[in-house]
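Undergrad: Sending over query21.cif (mmCIF, C-alpha atoms).
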```
data_final
#
loop_
_atom_site.label_atom_id
_atom_site.label_comp_id
_atom_site.auth_asym_id
_atom_site.auth_seq_id
_atom_site.Cartn_x
_atom_site.Cartn_y
_atom_site.Cartn_z
CA MET A 120 -10.54 -10.77 -7.19
CA ASP A 121 -9.15 -10.97 -3.69
CA PRO A 122 -10.22 -14.34 -2.19
CA SER A 123 -10.37 -12.87 1.30
CA LYS A 124 -13.10 -10.46 0.14
CA GLY A 125 -15.21 -13.30 -1.22
CA SER A 126 -15.10 -15.25 2.03
CA ILE A 127 -17.87 -14.91 4.59
CA PHE A 128 -15.20 -14.91 7.33
CA LYS A 129 -12.84 -11.96 7.27
CA THR A 130 -9.26 -12.65 8.31
CA TYR A 131 -6.62 -10.23 9.54
CA ASP A 132 -2.84 -10.16 9.29
CA LYS A 133 -1.17 -10.51 12.66
CA PRO A 134 1.97 -8.54 13.62
CA LYS A 135 5.28 -10.08 12.67
CA GLY A 136 6.45 -12.54 15.29
CA TYR A 137 2.96 -12.96 16.77
CA SER A 138 2.10 -16.56 17.67
CA ALA A 139 -1.49 -17.41 18.55
CA SER A 140 -0.43 -20.82 19.89
CA ASN A 141 1.75 -19.12 22.55
CA SER A 142 -0.91 -16.65 23.65
CA PHE A 143 -2.52 -16.75 27.08
CA ALA A 144 -5.88 -17.65 25.51
CA THR A 145 -4.35 -20.90 24.25
CA PHE A 146 -3.45 -21.88 27.80
CA MET A 147 -7.00 -20.95 28.83
CA ILE A 148 -8.14 -23.63 26.35
CA ILE A 149 -5.58 -26.30 27.15
CA GLY A 150 -6.00 -25.97 30.94
CA PRO A 151 -9.77 -26.70 31.14
CA THR A 152 -9.50 -29.35 28.43
CA CYS A 153 -6.85 -31.27 30.39
CA PHE A 154 -8.93 -30.76 33.54
CA PHE A 155 -11.95 -32.41 31.87
CA LEU A 156 -9.80 -35.25 30.55
CA GLY A 157 -8.54 -35.86 34.08
CA MET A 158 -12.11 -36.13 35.34
CA LEU A 159 -12.99 -38.58 32.56
CA PHE A 160 -9.86 -40.63 33.26
CA SER A 161 -10.94 -40.99 36.87
CA SER A 162 -14.21 -42.50 35.58
CA PHE A 163 -12.44 -44.93 33.25
CA PRO A 164 -12.09 -47.74 35.85
CA TYR A 165 -15.88 -47.67 36.28
CA ASP A 166 -16.55 -47.60 32.52
CA TYR A 167 -14.05 -50.27 31.56
CA PRO A 168 -16.08 -53.35 32.62
CA LEU A 169 -19.09 -52.06 30.69
CA LEU A 170 -17.40 -51.34 27.36
CA TRP A 171 -13.88 -52.71 27.07
CA THR A 172 -14.06 -56.30 28.28
CA SER A 173 -15.68 -59.39 26.77
CA THR A 174 -16.39 -61.03 30.13
CA GLU A 175 -19.91 -60.76 31.48
CA THR A 176 -20.40 -57.96 33.96
CA PRO A 177 -21.81 -59.25 37.26
CA ALA A 178 -25.11 -57.82 38.44
CA ALA A 179 -23.52 -56.66 41.70
CA TYR A 180 -21.24 -54.35 39.73
CA TYR A 181 -24.22 -52.38 38.42
CA ASP A 182 -25.34 -51.78 42.02
CA GLN A 183 -21.87 -50.48 42.91
CA LEU A 184 -21.77 -48.29 39.82
CA GLU A 185 -25.19 -46.84 40.59
CA THR A 186 -24.05 -46.00 44.12
CA HIS A 187 -20.98 -44.24 42.74
CA LEU A 188 -22.99 -42.24 40.18
CA LYS A 189 -25.61 -41.24 42.74
CA PHE A 190 -22.86 -40.02 45.07
CA LEU A 191 -21.29 -38.11 42.17
CA HIS A 192 -24.58 -36.49 41.19
CA ALA A 193 -25.33 -35.53 44.80
CA SER A 194 -22.02 -33.69 45.23
CA PRO A 195 -22.14 -30.19 46.83
CA PRO A 196 -23.19 -27.30 44.54
CA ILE A 197 -19.65 -25.89 44.59
CA ILE A 198 -18.44 -28.88 42.53
CA PRO A 199 -20.67 -28.35 39.45
CA ARG A 200 -20.09 -24.59 39.75
CA ILE A 201 -16.33 -25.09 39.46
CA LEU A 202 -16.93 -27.36 36.47
CA HIS A 203 -19.16 -24.82 34.75
CA ILE A 204 -16.65 -22.04 35.43
CA ALA A 205 -13.96 -24.16 33.76
CA ILE A 206 -16.25 -24.69 30.77
CA SER A 207 -16.88 -20.93 30.56
CA VAL A 208 -13.14 -20.19 30.70
CA GLY A 209 -12.54 -22.44 27.71
CA LEU A 210 -15.39 -20.87 25.73
CA SER A 211 -14.25 -17.32 26.47
CA ALA A 212 -10.71 -18.24 25.36
CA PHE A 213 -12.01 -19.36 21.96
CA PHE A 214 -13.87 -16.07 21.48
CA ILE A 215 -10.72 -14.15 22.47
CA LYS A 216 -8.63 -16.02 19.90
CA LEU A 217 -11.28 -15.68 17.19
CA PHE A 218 -11.53 -11.89 17.59
CA LYS A 219 -10.03 -10.51 14.36
CA PRO A 220 -8.70 -13.97 13.46
CA SER A 221 -5.86 -14.87 11.15
CA GLU A 222 -6.21 -17.77 8.73
CA ALA A 223 -4.59 -20.12 11.25
CA ASN A 224 -6.99 -18.97 13.98
CA LEU A 225 -9.97 -19.44 11.71
CA LEU A 226 -8.92 -22.94 10.71
CA PHE A 227 -7.59 -24.48 13.91
CA ASP A 228 -9.46 -22.49 16.56
CA GLY A 229 -12.69 -22.61 14.58
CA ALA A 230 -12.51 -26.40 14.36
CA SER A 231 -11.53 -26.62 18.02
CA LEU A 232 -14.53 -24.49 18.98
CA VAL A 233 -16.84 -26.82 17.03
CA LEU A 234 -15.44 -29.84 18.89
CA TYR A 235 -15.69 -28.00 22.21
CA VAL A 236 -19.36 -27.19 21.59
CA VAL A 237 -19.99 -30.83 20.60
CA GLY A 238 -18.44 -31.84 23.92
CA ILE A 239 -20.75 -29.49 25.81
CA ILE A 240 -23.76 -30.95 23.97
CA VAL A 241 -22.69 -34.50 24.87
CA TYR A 242 -22.23 -33.42 28.48
CA ILE A 243 -25.69 -31.83 28.74
CA THR A 244 -27.76 -34.29 26.71
CA ASN A 245 -26.13 -37.57 27.73
CA ILE A 246 -24.09 -37.29 30.90
CA VAL A 247 -26.21 -34.88 32.94
CA LYS A 248 -29.41 -36.57 31.80
CA GLY A 249 -27.94 -40.00 32.54
CA LEU A 250 -26.93 -38.98 36.06
CA ARG A 251 -30.45 -37.71 36.72
CA ILE A 252 -31.98 -40.99 35.51
CA VAL A 253 -29.62 -43.00 37.73
CA THR A 254 -30.40 -40.82 40.74
CA LEU A 255 -34.16 -41.16 40.22
CA GLY A 256 -33.85 -44.86 39.40
CA VAL A 257 -36.41 -44.50 36.61
CA TYR A 258 -35.42 -46.83 33.78
CA GLY A 259 -37.42 -48.19 30.87
CA VAL A 260 -39.28 -44.95 30.12
CA PRO A 261 -39.89 -44.45 26.36
CA GLU A 262 -37.87 -41.60 24.83
CA GLY A 263 -40.17 -38.89 23.47
CA ASP A 264 -42.84 -40.11 21.06
CA THR A 265 -40.99 -43.36 20.27
CA ASP A 266 -41.50 -46.79 21.76
CA ILE A 267 -37.76 -47.27 22.37
CA VAL A 268 -37.17 -48.38 25.94
CA ILE A 269 -33.68 -48.33 27.47
CA GLY A 270 -33.20 -50.54 30.49
CA ARG A 271 -30.90 -50.18 33.45
CA GLU A 272 -27.84 -51.91 31.97
CA ASP A 273 -28.13 -50.16 28.63
CA SER A 274 -28.54 -46.77 30.33
CA LEU A 275 -25.32 -47.27 32.27
CA ARG A 276 -23.53 -48.38 29.09
CA VAL A 277 -24.76 -45.28 27.25
CA LEU A 278 -23.42 -43.14 30.08
CA ALA A 279 -20.04 -44.90 29.89
CA ALA A 280 -19.96 -44.54 26.10
CA SER A 281 -20.72 -40.81 26.44
CA ASN A 282 -17.66 -40.43 28.66
CA THR A 283 -15.55 -42.10 25.97
CA ILE A 284 -17.00 -39.92 23.20
CA LEU A 285 -16.38 -36.79 25.25
CA ALA A 286 -12.78 -37.85 25.91
CA LEU A 287 -12.16 -38.35 22.18
CA VAL A 288 -13.67 -34.94 21.40
CA LEU A 289 -11.44 -33.23 23.97
CA ILE A 290 -8.38 -35.04 22.64
CA GLY A 291 -9.33 -33.66 19.23
CA VAL A 292 -9.25 -30.14 20.70
CA LEU A 293 -5.72 -30.73 22.02
CA VAL A 294 -4.59 -32.19 18.69
CA LEU A 295 -5.88 -29.12 16.81
CA GLN A 296 -4.15 -26.76 19.22
CA ALA A 297 -0.91 -28.71 18.80
CA GLY A 298 -1.41 -28.60 15.02
CA GLN A 299 -1.77 -24.82 15.19
CA TRP A 300 1.50 -24.56 17.11
CA TYR A 301 3.28 -26.77 14.56
CA ALA A 302 1.85 -24.88 11.57
CA GLU A 303 2.84 -21.49 13.01
CA ARG A 304 6.32 -22.76 13.91
CA LYS A 305 6.77 -24.14 10.39
CA ASP A 306 5.54 -20.89 8.86
CA GLN A 307 7.93 -18.82 10.98
CA ASP A 308 10.86 -21.06 10.03
CA GLU A 309 10.03 -20.75 6.33
CA ALA A 310 9.64 -16.96 6.62
CA ALA A 311 13.00 -16.68 8.41
CA LYS A 312 14.64 -18.88 5.76
CA PHE A 313 13.14 -16.79 2.96
CA GLU A 314 14.32 -13.52 4.56
CA LYS A 315 17.79 -14.95 5.03
CA GLU A 316 17.98 -15.96 1.37
CA GLN A 317 16.81 -12.50 0.29
CA GLU A 318 19.44 -10.83 2.47
CA GLU A 319 22.16 -13.11 1.05
CA LYS A 320 21.08 -12.27 -2.50
CA LYS A 321 21.05 -8.56 -1.65
CA ASP A 322 24.53 -8.74 -0.10
CA ALA A 323 25.88 -10.66 -3.09
CA LYS A 324 24.41 -8.07 -5.47
CA THR A 325 25.87 -5.24 -3.39
CA GLN A 326 29.31 -6.83 -3.37
CA LYS A 327 29.11 -7.44 -7.11
CA SER A 328 28.10 -3.85 -7.87
CA GLY A 329 30.76 -2.57 -5.47
CA GLY A 330 33.48 -4.56 -7.23
CA HIS A 331 32.30 -3.27 -10.60
CA VAL A 332 32.49 0.35 -9.40
CA THR A 333 35.99 -0.24 -8.02
CA ARG A 334 37.25 -1.65 -11.32
CA SER A 335 35.69 1.27 -13.25
CA ALA A 336 37.36 3.80 -10.97
CA SER A 337 40.78 2.16 -11.35
CA LYS A 338 40.48 2.27 -15.14
CA LYS A 339 39.68 6.01 -15.05
CA LYS A 340 42.77 6.67 -12.94
CA GLN A 341 44.93 4.90 -15.46
#
```
Before anything else, please render the file you have as structure tokens.
TA:
Amino acid sequence: MDPSKGSIFKTYDKPKGYSASNSFATFMIIGPTCFFLGMLFSSFPYDYPLLWTSTETPAAYYDQLETHLKFLHASPPIIPRILHIAISVGLSAFFIKLFKPSEANLLFDGASLVLYVVGIIVYITNIVKGLRIVTLGVYGVPEGDTDIVIGREDSLRVLAASNTILALVLIGVLVLQAGQWYAERKDQDEAAKFEKEQEEKKDAKTQKSGGHVTRSASKKKQ
């Protein structure tokens, strides 16, 4: 039984020499991902005192951080629109690459798409929601039907941790895309090596058969 027929995901053979990692859709993924990582890196100096240092964070720092986040959340509408366009470009690139996918596309691009969607979920549920809470200044409200109350300091730490989680998820997307490039490069090298060996064997067989015919002809002449 053909294993490809038993799979719920159908794969397709790509033309010889085709490389999904060098396609334009790959750059449509890498570009927005690096753009998001740059945005998160610009927030790292604000998140560092909350997560990555053992010294006590002064109370005045929380006031400064709140001012920064409120200013960020109150940015002109064109700013979030550009961000959402970049997100849409990355999503559309995944769907382009996963149209009639090869096995490499299904493995690497499928996993990258899962991480990308996880990043979007973190952005919507944690970061956007956190910015709204900071802007409203409403802390200590129970979440849903639970009695869990998150104060001001903890809310800002959760927001900083969400930035770190999102950065790790996006780095995972880049690692998978780099892994796809390496796997395809390795596969092409092995295919070229195999073809070269087959050609050498064919040439050796041809030369051997040619020498045998020559010797037979010389004997007939004698």
Undergrad: Select, from A:Val236, A:Val253, A:Ala302, A:Val288, the residue with the minimum atom-to-atom distance to A:Ile206, counting only C-alpha atoms.
TA: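 Residue with the minimum atom-to-atom distance to A:Ile206: A:Val236.
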Undergrad: With a distance cut-off of 10 Å and all atoms listed in the file, select the neighbouring residues of A:Leu156, excluding the residue or stretch itself and same-chain residues fewer than 6 positions from it, and output the selection as a PyMOL selection string.
TA: chain A and resi 162+282+285-290
Undergrad: If you measure from atom CA of A:Lys216 to atom CA of A:Leu295, what distance in Å do you get, rounded to one decimal?
TA: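 Between these atoms lies a distance of 13.7 Å.
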Undergrad: Evaluate the PyMOL selection byres ((chain A and resi 227) around 8) and record the selected residues as an MDAnalysis selection string, following the chain and residue labels used in the document.
TA: chainID A and resid 223:226 228:231 295:296 298:299
Undergrad: Can those selected residues be exported to a file as an mmCIF file, in the coordinates of the input so that it contains C-alpha atoms?
TA:
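Heads up, here's the output in out.cif:
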```cif
data_model
loop_
_atom_site.group_PDB
_atom_site.id
_atom_site.type_symbol
_atom_site.label_atom_id
_atom_site.label_comp_id
_atom_site.auth_asym_id
_atom_site.auth_seq_id
_atom_site.Cartn_x
_atom_site.Cartn_y
_atom_site.Cartn_z
ATOM 1 C CA ALA A 223 -4.590 -20.120 11.250
ATOM 2 C CA ASN A 224 -6.990 -18.970 13.980
ATOM 3 C CA LEU A 225 -9.970 -19.440 11.710
ATOM 4 C CA LEU A 226 -8.920 -22.940 10.710
ATOM 5 C CA ASP A 228 -9.460 -22.490 16.560
ATOM 6 C CA GLY A 229 -12.690 -22.610 14.580
ATOM 7 C CA ALA A 230 -12.510 -26.400 14.360
ATOM 8 C CA SER A 231 -11.530 -26.620 18.020
ATOM 9 C CA LEU A 295 -5.880 -29.120 16.810
ATOM 10 C CA GLN A 296 -4.150 -26.760 19.220
ATOM 11 C CA GLY A 298 -1.410 -28.600 15.020
ATOM 12 C CA GLN A 299 -1.770 -24.820 15.190
#
```
Undergrad: Would you mind listing what lies within 10 Å of A:Asn245 as a short mmCIF file (atom, residue, chain, number, x, y, z; two decimals) with C-alpha atoms, in the frame of the given file, with all atoms listed in the file counted and same-chain residues fewer than 6 positions away left out?
TA:
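Once everything was written out, this is around15.cif:
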```cif
data_model
loop_
_atom_site.label_atom_id
_atom_site.label_comp_id
_atom_site.auth_asym_id
_atom_site.auth_seq_id
_atom_site.Cartn_x
_atom_site.Cartn_y
_atom_site.Cartn_z
CA ILE A 239 -20.75 -29.49 25.81
CA ARG A 251 -30.45 -37.71 36.72
CA SER A 274 -28.54 -46.77 30.33
CA VAL A 277 -24.76 -45.28 27.25
CA LEU A 278 -23.42 -43.14 30.08
CA ALA A 279 -20.04 -44.90 29.89
CA ALA A 280 -19.96 -44.54 26.10
CA SER A 281 -20.72 -40.81 26.44
CA ASN A 282 -17.66 -40.43 28.66
#
```
Undergrad: So which residues get picked by the PyMOL selection byres ((chain A and resi 166) around 12) here, written as a list in words?
TA: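 For this structure, the PyMOL selection byres ((chain A and resi 166) around 12) captures Leu159, Phe160, Ser161, Ser162, Phe163, Pro164, Tyr165, Tyr167, Pro168, Leu169, Leu170, Trp171, Thr172, Thr176, Tyr180, Tyr181, Leu184, Glu185, His187, Leu188, Leu275, Arg276, Val277, Leu278, Ala279, Ala280, Ser281, Asn282 and Thr283 of chain A.
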Undergrad: Counting all atoms listed in the file, figure out which residue out of A:Glu319, A:Glu309, A:Glu303, A:Glu314 gets nearest to A:Glu222.
TA: A:Glu303
Undergrad: Might you pull out every residue within 12 Å of A:Val257, with only C-alpha atoms counted and same-chain residues fewer than 2 positions away left off, and present them as JSON, numbers by chain?
TA: {"A": [248, 249, 250, 251, 252, 253, 254, 255, 259, 260, 261, 268, 269, 270, 271, 274]}
Undergrad: Save out the residues we just selected, C-alpha atoms, as a compact mmCIF listing (two decimals), in the frame of the given file.
TA:
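Below is the file again-v8.txt, written as the result:
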```txt
# COMPACT_ATOMS: atom_id res chain seq x y z
CA LYS A 248 -29.41 -36.57 31.80
CA GLY A 249 -27.94 -40.00 32.54
CA LEU A 250 -26.93 -38.98 36.06
CA ARG A 251 -30.45 -37.71 36.72
CA ILE A 252 -31.98 -40.99 35.51
CA VAL A 253 -29.62 -43.00 37.73
CA THR A 254 -30.40 -40.82 40.74
CA LEU A 255 -34.16 -41.16 40.22
CA GLY A 259 -37.42 -48.19 30.87
CA VAL A 260 -39.28 -44.95 30.12
CA PRO A 261 -39.89 -44.45 26.36
CA VAL A 268 -37.17 -48.38 25.94
CA ILE A 269 -33.68 -48.33 27.47
CA GLY A 270 -33.20 -50.54 30.49
CA ARG A 271 -30.90 -50.18 33.45
CA SER A 274 -28.54 -46.77 30.33
```
Undergrad: Could you tell me how far atom CA of A:Gly238 sits from atom CA of A:Leu202, in Å to one decimal place?
TA: 13.4 Å
Undergrad: Suppose you want the space between atom CA of A:Ala212 and atom CA of A:Met147; what is it in Å?
TA: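 For atom CA of A:Ala212 relative to atom CA of A:Met147, the distance reads 5.8 Å.
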Undergrad: Tell me, as a list of chain:residue names, which residues lie within 12 Å of A:Phe146, counting only C-alpha atoms; anything in the same chain fewer than 3 positions away does not count.
TA: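 With the cut-off at 12 Å, the set is A:Ala139, A:Ser140, A:Asn141, A:Ser142, A:Phe143, A:Ile149, A:Gly150, A:Pro151, A:Thr152, A:Cys153, A:Phe154, A:Val208, A:Gly209, A:Ser211, A:Ala212, A:Phe213, A:Ile215, A:Lys216, A:Leu293, A:Gln296, A:Ala297.
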